[in-house]
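*Asks:* Below you will find the structure I want to go over with you.
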Amino acid sequence: MTEPELIPHLFRTEYGRITAVLSKLFGLDNVDIAGDIASETFLTAVETWPYKGIPANPTAWLYTVAKNKAKNYLKHHKVFSEKIESQIKHNLASAEEMEIDLSEKNISDSQLQMLFAVCHPSISPESQISLALRILCGFGIDEIADAFLTNKETINKRIFRAKEKLRNEKVEIVFPGNHEIENRLENVLRTIYLLFSEGYYSEREDTIIRKELCLEAMKLIYLLLENEQTDQPSTNALMALMCFHASRLDARRDENGEMILYEDQDVSLWNTELIEKGNFYLQKASGGNSTPKYYLEAGIAYWHTIKEDSKEKWESILQLYNYLLQIEYSPIAALNRTFALSKARGKKEAIEEAEKLKLDQNHFYFILLAELYKEIDNEKVKPNLEKALALSKTEAERKVIQKKIDS
Amino acid sequence: MKEFALIFRHPNATGKVSPEQMQQWMKIQNDWVGSIAAQNKFVSGTGLLFDDAKVVHHKGVVTNGPFGDIKETLGGFIVVKAENAEEAAEIAKGAAVLAGDGNTVEVREILRTR
């Protein structure tokens, strides 16, 4: 990795780690101070590396600088350090002698505990995700705003209120009790899945960042799998789902960053190692009686790792969508079910079902209708594509639809 | 939107169904429920097993059943969202239970206490 790529890469992975460890030490109240110290650490790297060269072990360098900055902060803010000392039950002579533990074990523990703290039921799911992106993944406010299709002010307010709420609730950065872990795991998994989706589906042109988001999400799931209490069937199912999706990361964009549809992907670019991993976690996910949502989704993703069409493939996908929709309705699942129906039973039956969906504000709905009417009633193809074009929200989508209209 | 229970009734249930027949029904039923769910009209519901069924009578008498003395039995129910009973009845037409002659689906609006 060259220098211009290295710092953003390290920022993606190490910012969250440093912040998590320092927040754990300072308490959730002082998460901003922890974040500032992590940011300053990177600033120092940006200022020194170009002149002195990249250190032999950049990560270790960052940890040393972060530790020194944290100790300096404590030295210069007596009131703060006294507060921290009184909070920490260690027999420390002074905060300056406090051990800042940036070992692998403490980093992963801090990250997990932070994740559970942030996914506290007192704040809304949107706030949980925003905070997780901000604190654990070092997202900028504008990047979070992009992810939620909203503006910076909204996100700033949301994060401010969420922090305030967590402070008022006196939420601590510790593992919640056994029962509470079960309750919050669902939120934790959803947050990580959203982080993954942000990388997988976002319209960002920057392929490297998108890939790193996916990998970071998988790393967090991996931490959960290494912990006995959180190594649950649904955690394994989500990991399987991510592995199957991630196996196509390199095949779904061309060299200009444009989307390549599943049908047109080069199978030789699919990552077979990740597909095998996905199979492994899918096996581990079976059994147990936790929410089978991710299990069904992983099953659907598994069938998509087999490119050839077969009756069995689409019949299986159809049944999985039938169950998934009963657990949780979403327009996209309804559309995908109808597509699977067309593959399993033919377009006529699928058109009948599609007309019942009435998703008149959804551009994917009209893309699906256009696809189904092709060769059945060609007259109806173009009007549906034009409706889709009028409803689409991003430039990338418009490009794909326009290409279909022109062909 | 109102909610309606669609109740599957079998007039001459014996509780004996071949596994193949069962599988065939399951498939029709799953596609039907999947279609309702895809329209965001599925609320809840399930099939009911015959195995180990019991009937509790007046004064707490419990018999194995419901076969024998009770002719008709329930095969299951689902709850759907619909504008009115007519729409709910239209939805009910796809139920797998109706593949059997004499079987019926009863459509009943759910009583809401709030």
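Each chain in the structure tokens gets a letter, A, B and so on, in the order shown; residues start at 1 in every chain, and ligands are counted from 1 in the order they appear.
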Sorted by chain and rising residue number, which residues of chain A lie within 7 Å of chain B, and what are their closest atom pairs and distances in Å to one decimal, counting only C-alpha atoms, as CSV?
*Replies:*
residue,atom,partner,partner_atom,distance
A:Asn322,CA,B:Gly34,CA,4.0
A:Tyr323,CA,B:Gly34,CA,6.8
A:Leu325,CA,B:Ala37,CA,5.4
A:Gln326,CA,B:Ala37,CA,5.6
A:Tyr329,CA,B:Asn40,CA,6.1
A:Ala334,CA,B:Ala38,CA,4.5
A:Lys356,CA,B:Gln39,CA,6.8
A:Leu357,CA,B:Gln39,CA,5.1
*Asks:* Take the residues from that selection and put them in a file with all heavy atoms, as a short mmCIF file (atom, residue, chain, number, x, y, z; two decimals), in the first residue's frame.
*Replies:*
data_model
loop_
_atom_site.label_atom_id
_atom_site.label_comp_id
_atom_site.auth_asym_id
_atom_site.auth_seq_id
_atom_site.Cartn_x
_atom_site.Cartn_y
_atom_site.Cartn_z
N ASN A 322 -40.91 -16.72 0.67
CA ASN A 322 -42.24 -16.89 1.27
C ASN A 322 -42.15 -16.81 2.80
O ASN A 322 -42.94 -16.13 3.45
CB ASN A 322 -42.84 -18.24 0.88
CG ASN A 322 -43.42 -18.23 -0.52
OD1 ASN A 322 -43.69 -17.17 -1.08
ND2 ASN A 322 -43.60 -19.41 -1.10
N TYR A 323 -41.14 -17.51 3.37
CA TYR A 323 -40.98 -17.49 4.82
C TYR A 323 -40.48 -16.14 5.32
O TYR A 323 -40.96 -15.61 6.32
CB TYR A 323 -40.02 -18.60 5.27
CG TYR A 323 -40.60 -19.98 5.13
CD1 TYR A 323 -40.01 -20.93 4.32
CD2 TYR A 323 -41.75 -20.34 5.84
CE1 TYR A 323 -40.54 -22.21 4.20
CE2 TYR A 323 -42.29 -21.61 5.73
CZ TYR A 323 -41.68 -22.55 4.90
OH TYR A 323 -42.21 -23.79 4.79
N LEU A 325 -40.85 -13.19 4.12
CA LEU A 325 -41.88 -12.15 4.09
C LEU A 325 -42.88 -12.31 5.24
O LEU A 325 -43.45 -11.33 5.70
CB LEU A 325 -42.61 -12.17 2.75
CG LEU A 325 -41.85 -11.49 1.62
CD1 LEU A 325 -42.32 -11.99 0.26
CD2 LEU A 325 -41.99 -9.97 1.71
N GLN A 326 -43.08 -13.54 5.67
CA GLN A 326 -43.99 -13.73 6.81
C GLN A 326 -43.38 -13.19 8.09
O GLN A 326 -44.08 -12.74 8.99
CB GLN A 326 -44.31 -15.21 6.99
CG GLN A 326 -45.19 -15.77 5.88
CD GLN A 326 -45.36 -17.27 5.98
OE1 GLN A 326 -45.68 -17.79 7.05
NE2 GLN A 326 -45.13 -17.97 4.89
N TYR A 329 -41.96 -8.00 6.43
CA TYR A 329 -42.24 -7.51 5.09
C TYR A 329 -41.26 -6.42 4.70
O TYR A 329 -40.89 -5.58 5.52
CB TYR A 329 -43.66 -6.94 5.03
CG TYR A 329 -43.93 -6.18 3.74
CD1 TYR A 329 -44.28 -6.86 2.59
CD2 TYR A 329 -43.78 -4.79 3.68
CE1 TYR A 329 -44.49 -6.19 1.40
CE2 TYR A 329 -43.98 -4.11 2.50
CZ TYR A 329 -44.34 -4.81 1.36
OH TYR A 329 -44.53 -4.14 0.18
N ALA A 334 -40.48 -8.42 -1.35
CA ALA A 334 -41.68 -8.72 -2.13
C ALA A 334 -41.35 -8.77 -3.62
O ALA A 334 -41.80 -9.65 -4.36
CB ALA A 334 -42.77 -7.68 -1.86
N LYS A 356 -50.45 -7.39 -8.13
CA LYS A 356 -51.08 -7.27 -6.80
C LYS A 356 -50.23 -6.44 -5.83
O LYS A 356 -50.72 -5.99 -4.81
CB LYS A 356 -51.27 -8.66 -6.17
CG LYS A 356 -52.34 -9.52 -6.81
CD LYS A 356 -52.46 -10.81 -5.99
CE LYS A 356 -53.17 -11.91 -6.79
NZ LYS A 356 -52.97 -13.23 -6.16
N LEU A 357 -48.93 -6.28 -6.13
CA LEU A 357 -48.04 -5.66 -5.15
C LEU A 357 -48.30 -4.16 -4.98
O LEU A 357 -48.12 -3.61 -3.90
CB LEU A 357 -46.57 -5.88 -5.53
CG LEU A 357 -46.10 -7.33 -5.61
CD1 LEU A 357 -44.61 -7.37 -5.94
CD2 LEU A 357 -46.34 -8.07 -4.30
#
*Asks:* Do a neighbour search on segment 382-390 of chain A at 7 Å with only C-alpha atoms, toss out local chain neighbours closer than 4 positions, and write the hits as a tab-separated table (two decimals) with all heavy atoms, in the first residue's frame.
*Replies:*
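Generated output (selection.tsv):
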chain	number	residue	atom	x	y	z
A	363	HIS	N	-39.24	2.52	-7.82
A	363	HIS	CA	-38.77	2.36	-9.19
A	363	HIS	C	-38.38	0.93	-9.53
A	363	HIS	O	-38.50	0.51	-10.66
A	363	HIS	CB	-37.63	3.34	-9.50
A	363	HIS	CG	-36.46	3.23	-8.59
A	363	HIS	ND1	-36.48	3.70	-7.30
A	363	HIS	CD2	-35.23	2.72	-8.78
A	363	HIS	CE1	-35.32	3.46	-6.74
A	363	HIS	NE2	-34.53	2.87	-7.62
A	364	PHE	N	-37.93	0.18	-8.49
A	364	PHE	CA	-37.59	-1.23	-8.76
A	364	PHE	C	-38.82	-2.02	-9.20
A	364	PHE	O	-38.72	-2.98	-9.95
A	364	PHE	CB	-36.97	-1.88	-7.52
A	364	PHE	CG	-35.64	-1.32	-7.15
A	364	PHE	CD1	-35.45	-0.67	-5.94
A	364	PHE	CD2	-34.56	-1.44	-8.01
A	364	PHE	CE1	-34.22	-0.15	-5.59
A	364	PHE	CE2	-33.32	-0.93	-7.67
A	364	PHE	CZ	-33.15	-0.28	-6.46
A	366	PHE	N	-41.22	-1.01	-11.10
A	366	PHE	CA	-41.47	-0.84	-12.53
A	366	PHE	C	-40.37	-1.51	-13.38
A	366	PHE	O	-40.63	-1.97	-14.49
A	366	PHE	CB	-41.62	0.64	-12.86
A	366	PHE	CG	-42.87	1.21	-12.23
A	366	PHE	CD1	-42.79	2.05	-11.13
A	366	PHE	CD2	-44.13	0.87	-12.72
A	366	PHE	CE1	-43.93	2.55	-10.53
A	366	PHE	CE2	-45.28	1.36	-12.12
A	366	PHE	CZ	-45.19	2.21	-11.03
A	367	ILE	N	-39.16	-1.56	-12.83
A	367	ILE	CA	-38.10	-2.30	-13.53
A	367	ILE	C	-38.49	-3.78	-13.61
A	367	ILE	O	-38.37	-4.42	-14.65
A	367	ILE	CB	-36.74	-2.14	-12.82
A	367	ILE	CG1	-36.29	-0.68	-12.86
A	367	ILE	CG2	-35.69	-3.05	-13.45
A	367	ILE	CD1	-34.99	-0.39	-12.12
A	369	LEU	N	-41.57	-5.05	-13.44
A	369	LEU	CA	-42.70	-5.21	-14.38
A	369	LEU	C	-42.21	-5.22	-15.82
A	369	LEU	O	-42.64	-6.04	-16.63
A	369	LEU	CB	-43.73	-4.10	-14.16
A	369	LEU	CG	-44.68	-4.29	-12.97
A	369	LEU	CD1	-45.55	-3.04	-12.77
A	369	LEU	CD2	-45.58	-5.52	-13.16
A	370	ALA	N	-41.29	-4.29	-16.13
A	370	ALA	CA	-40.75	-4.22	-17.49
A	370	ALA	C	-40.08	-5.55	-17.85
A	370	ALA	O	-40.27	-6.10	-18.94
A	370	ALA	CB	-39.76	-3.08	-17.60
A	398	ARG	N	-30.20	5.78	-12.80
A	398	ARG	CA	-30.71	6.35	-14.06
A	398	ARG	C	-29.92	5.82	-15.26
A	398	ARG	O	-30.49	5.52	-16.29
A	398	ARG	CB	-30.68	7.87	-14.00
A	398	ARG	CG	-31.92	8.44	-13.32
A	398	ARG	CD	-32.00	9.95	-13.47
A	398	ARG	NE	-31.14	10.65	-12.54
A	398	ARG	CZ	-31.50	10.95	-11.28
A	398	ARG	NH1	-32.69	10.63	-10.83
A	398	ARG	NH2	-30.66	11.58	-10.48
A	401	ILE	N	-31.11	2.27	-16.04
A	401	ILE	CA	-32.46	2.25	-16.62
A	401	ILE	C	-32.44	2.79	-18.04
A	401	ILE	O	-33.05	2.23	-18.95
A	401	ILE	CB	-33.46	3.04	-15.74
A	401	ILE	CG1	-33.54	2.42	-14.34
A	401	ILE	CG2	-34.85	3.06	-16.38
A	401	ILE	CD1	-34.25	3.27	-13.31
A	405	ILE	N	-33.76	1.22	-21.60
A	405	ILE	CA	-34.71	1.86	-22.52
A	405	ILE	C	-34.13	1.90	-23.93
A	405	ILE	O	-34.81	1.63	-24.91
A	405	ILE	CB	-35.05	3.30	-22.04
A	405	ILE	CG1	-35.84	3.24	-20.73
A	405	ILE	CG2	-35.84	4.05	-23.11
A	405	ILE	CD1	-36.20	4.58	-20.14
*Asks:* Report, in Å to a single decimal, how far apart atom CA of Leu62 of chain A and atom CA of Leu136 of chain A are.
*Replies:* 16.5 Å
*Asks:* So that I can see what lies close to Tyr294 of chain A, please list as a list in words the residues with an atom at most 6 Å from it, counting only C-alpha atoms and leaving out residues fewer than 3 positions away in the same chain.
*Replies:*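 The filter keeps Ala237, Leu238, Glu297 and Ala298 of chain A.
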*Asks:* Please produce a file of those selected residues containing N, CA and C atoms, as a short mmCIF file (atom, residue, chain, number, x, y, z; two decimals), in the first residue's frame.
*Replies:*
data_model
loop_
_atom_site.label_atom_id
_atom_site.label_comp_id
_atom_site.auth_asym_id
_atom_site.auth_seq_id
_atom_site.Cartn_x
_atom_site.Cartn_y
_atom_site.Cartn_z
N ALA A 237 -25.45 -16.93 11.06
CA ALA A 237 -26.23 -16.75 9.84
C ALA A 237 -25.86 -15.43 9.16
N LEU A 238 -25.70 -14.38 9.99
CA LEU A 238 -25.35 -13.08 9.41
C LEU A 238 -23.95 -13.14 8.79
N GLU A 297 -32.19 -15.28 4.88
CA GLU A 297 -31.47 -14.42 3.94
C GLU A 297 -30.16 -15.06 3.49
N ALA A 298 -29.49 -15.74 4.44
CA ALA A 298 -28.25 -16.42 4.08
C ALA A 298 -28.54 -17.57 3.12
#
*Asks:* Within 8 Å of Leu341 of chain A, counting only C-alpha atoms, which residues qualify if same-chain residues fewer than 4 places away don't, as number ranges by chain?
*Replies:* A: 314-315, 318, 337, 345-347, 349-350
*Asks:* Deliver the residues from the most recent selection as a file, using N, CA and C atoms, as a PDB file, in the first residue's frame.
*Replies:*
ATOM      1  N   TRP A 314     -34.491 -21.878  -8.105  1.00  0.00           N
ATOM      2  CA  TRP A 314     -35.484 -20.810  -7.984  1.00  0.00           C
ATOM      3  C   TRP A 314     -36.677 -21.215  -7.131  1.00  0.00           C
ATOM      4  N   GLU A 315     -37.000 -22.496  -7.134  1.00  0.00           N
ATOM      5  CA  GLU A 315     -38.067 -22.994  -6.251  1.00  0.00           C
ATOM      6  C   GLU A 315     -37.639 -22.800  -4.789  1.00  0.00           C
ATOM      7  N   LEU A 318     -37.723 -19.115  -3.912  1.00  0.00           N
ATOM      8  CA  LEU A 318     -39.121 -18.699  -3.745  1.00  0.00           C
ATOM      9  C   LEU A 318     -39.647 -19.063  -2.360  1.00  0.00           C
ATOM     10  N   ARG A 337     -39.210 -11.858  -4.358  1.00  0.00           N
ATOM     11  CA  ARG A 337     -40.035 -13.068  -4.365  1.00  0.00           C
ATOM     12  C   ARG A 337     -40.718 -13.219  -5.732  1.00  0.00           C
ATOM     13  N   ARG A 345     -41.793 -20.507 -11.972  1.00  0.00           N
ATOM     14  CA  ARG A 345     -43.090 -20.908 -12.505  1.00  0.00           C
ATOM     15  C   ARG A 345     -43.457 -20.233 -13.821  1.00  0.00           C
ATOM     16  N   GLY A 346     -42.625 -19.329 -14.270  1.00  0.00           N
ATOM     17  CA  GLY A 346     -42.937 -18.655 -15.528  1.00  0.00           C
ATOM     18  C   GLY A 346     -43.470 -17.256 -15.311  1.00  0.00           C
ATOM     19  N   LYS A 347     -43.356 -16.445 -16.374  1.00  0.00           N
ATOM     20  CA  LYS A 347     -43.667 -15.023 -16.261  1.00  0.00           C
ATOM     21  C   LYS A 347     -45.150 -14.746 -16.053  1.00  0.00           C
ATOM     22  N   GLU A 349     -47.551 -16.295 -14.388  1.00  0.00           N
ATOM     23  CA  GLU A 349     -47.940 -16.368 -12.979  1.00  0.00           C
ATOM     24  C   GLU A 349     -47.330 -15.200 -12.203  1.00  0.00           C
ATOM     25  N   ALA A 350     -46.088 -14.858 -12.544  1.00  0.00           N
ATOM     26  CA  ALA A 350     -45.399 -13.782 -11.831  1.00  0.00           C
ATOM     27  C   ALA A 350     -46.048 -12.423 -12.100  1.00  0.00           C
TER      28      ALA A 350
END
*Asks:* List as a PDB file with all heavy atoms, in the first residue's frame the protein and nucleic acid residues near His120 of chain A, meaning an atom at most 8 Å away when only C-alpha atoms are counted, but skip any in the same chain fewer than 5 places from it.
*Replies:*
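The file below, out21.pdb, is the result:
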ATOM      1  N   GLN A 128     -28.574   4.535  17.102  1.00  0.00           N
ATOM      2  CA  GLN A 128     -27.599   3.488  17.396  1.00  0.00           C
ATOM      3  C   GLN A 128     -26.628   3.333  16.228  1.00  0.00           C
ATOM      4  O   GLN A 128     -25.414   3.287  16.416  1.00  0.00           O
ATOM      5  CB  GLN A 128     -28.313   2.154  17.644  1.00  0.00           C
ATOM      6  CG  GLN A 128     -29.186   2.158  18.877  1.00  0.00           C
ATOM      7  CD  GLN A 128     -30.030   0.893  19.000  1.00  0.00           C
ATOM      8  OE1 GLN A 128     -29.873  -0.041  18.223  1.00  0.00           O
ATOM      9  NE2 GLN A 128     -30.917   0.875  19.966  1.00  0.00           N
ATOM     10  N   LEU A 166     -27.675   8.614  26.451  1.00  0.00           N
ATOM     11  CA  LEU A 166     -26.835   7.564  27.035  1.00  0.00           C
ATOM     12  C   LEU A 166     -26.211   8.042  28.348  1.00  0.00           C
ATOM     13  O   LEU A 166     -26.055   7.280  29.293  1.00  0.00           O
ATOM     14  CB  LEU A 166     -25.734   7.134  26.051  1.00  0.00           C
ATOM     15  CG  LEU A 166     -26.196   6.395  24.793  1.00  0.00           C
ATOM     16  CD1 LEU A 166     -25.007   6.063  23.897  1.00  0.00           C
ATOM     17  CD2 LEU A 166     -26.957   5.123  25.129  1.00  0.00           C
ATOM     18  N   VAL A 171     -25.333   4.822  30.942  1.00  0.00           N
ATOM     19  CA  VAL A 171     -24.922   3.593  30.263  1.00  0.00           C
ATOM     20  C   VAL A 171     -23.420   3.418  30.399  1.00  0.00           C
ATOM     21  O   VAL A 171     -22.663   4.366  30.216  1.00  0.00           O
ATOM     22  CB  VAL A 171     -25.312   3.641  28.768  1.00  0.00           C
ATOM     23  CG1 VAL A 171     -24.787   2.423  28.023  1.00  0.00           C
ATOM     24  CG2 VAL A 171     -26.824   3.738  28.634  1.00  0.00           C
ATOM     25  N   ARG A 184     -30.040  -7.369  23.325  1.00  0.00           N
ATOM     26  CA  ARG A 184     -29.385  -6.342  22.515  1.00  0.00           C
ATOM     27  C   ARG A 184     -28.672  -6.897  21.291  1.00  0.00           C
ATOM     28  O   ARG A 184     -28.346  -6.150  20.383  1.00  0.00           O
ATOM     29  CB  ARG A 184     -28.390  -5.568  23.385  1.00  0.00           C
ATOM     30  CG  ARG A 184     -29.060  -4.367  24.030  1.00  0.00           C
ATOM     31  CD  ARG A 184     -28.031  -3.468  24.645  1.00  0.00           C
ATOM     32  NE  ARG A 184     -28.262  -3.337  26.070  1.00  0.00           N
ATOM     33  CZ  ARG A 184     -27.452  -2.702  26.882  1.00  0.00           C
ATOM     34  NH1 ARG A 184     -26.357  -2.136  26.433  1.00  0.00           N
ATOM     35  NH2 ARG A 184     -27.730  -2.598  28.156  1.00  0.00           N
TER      36      ARG A 184
END
*Asks:* Separation of atom CA of Asn271 of chain A and atom CA of Phe244 of chain A, in Å?
*Replies:*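 Atom CA of Asn271 of chain A sits 8.9 Å away from atom CA of Phe244 of chain A.
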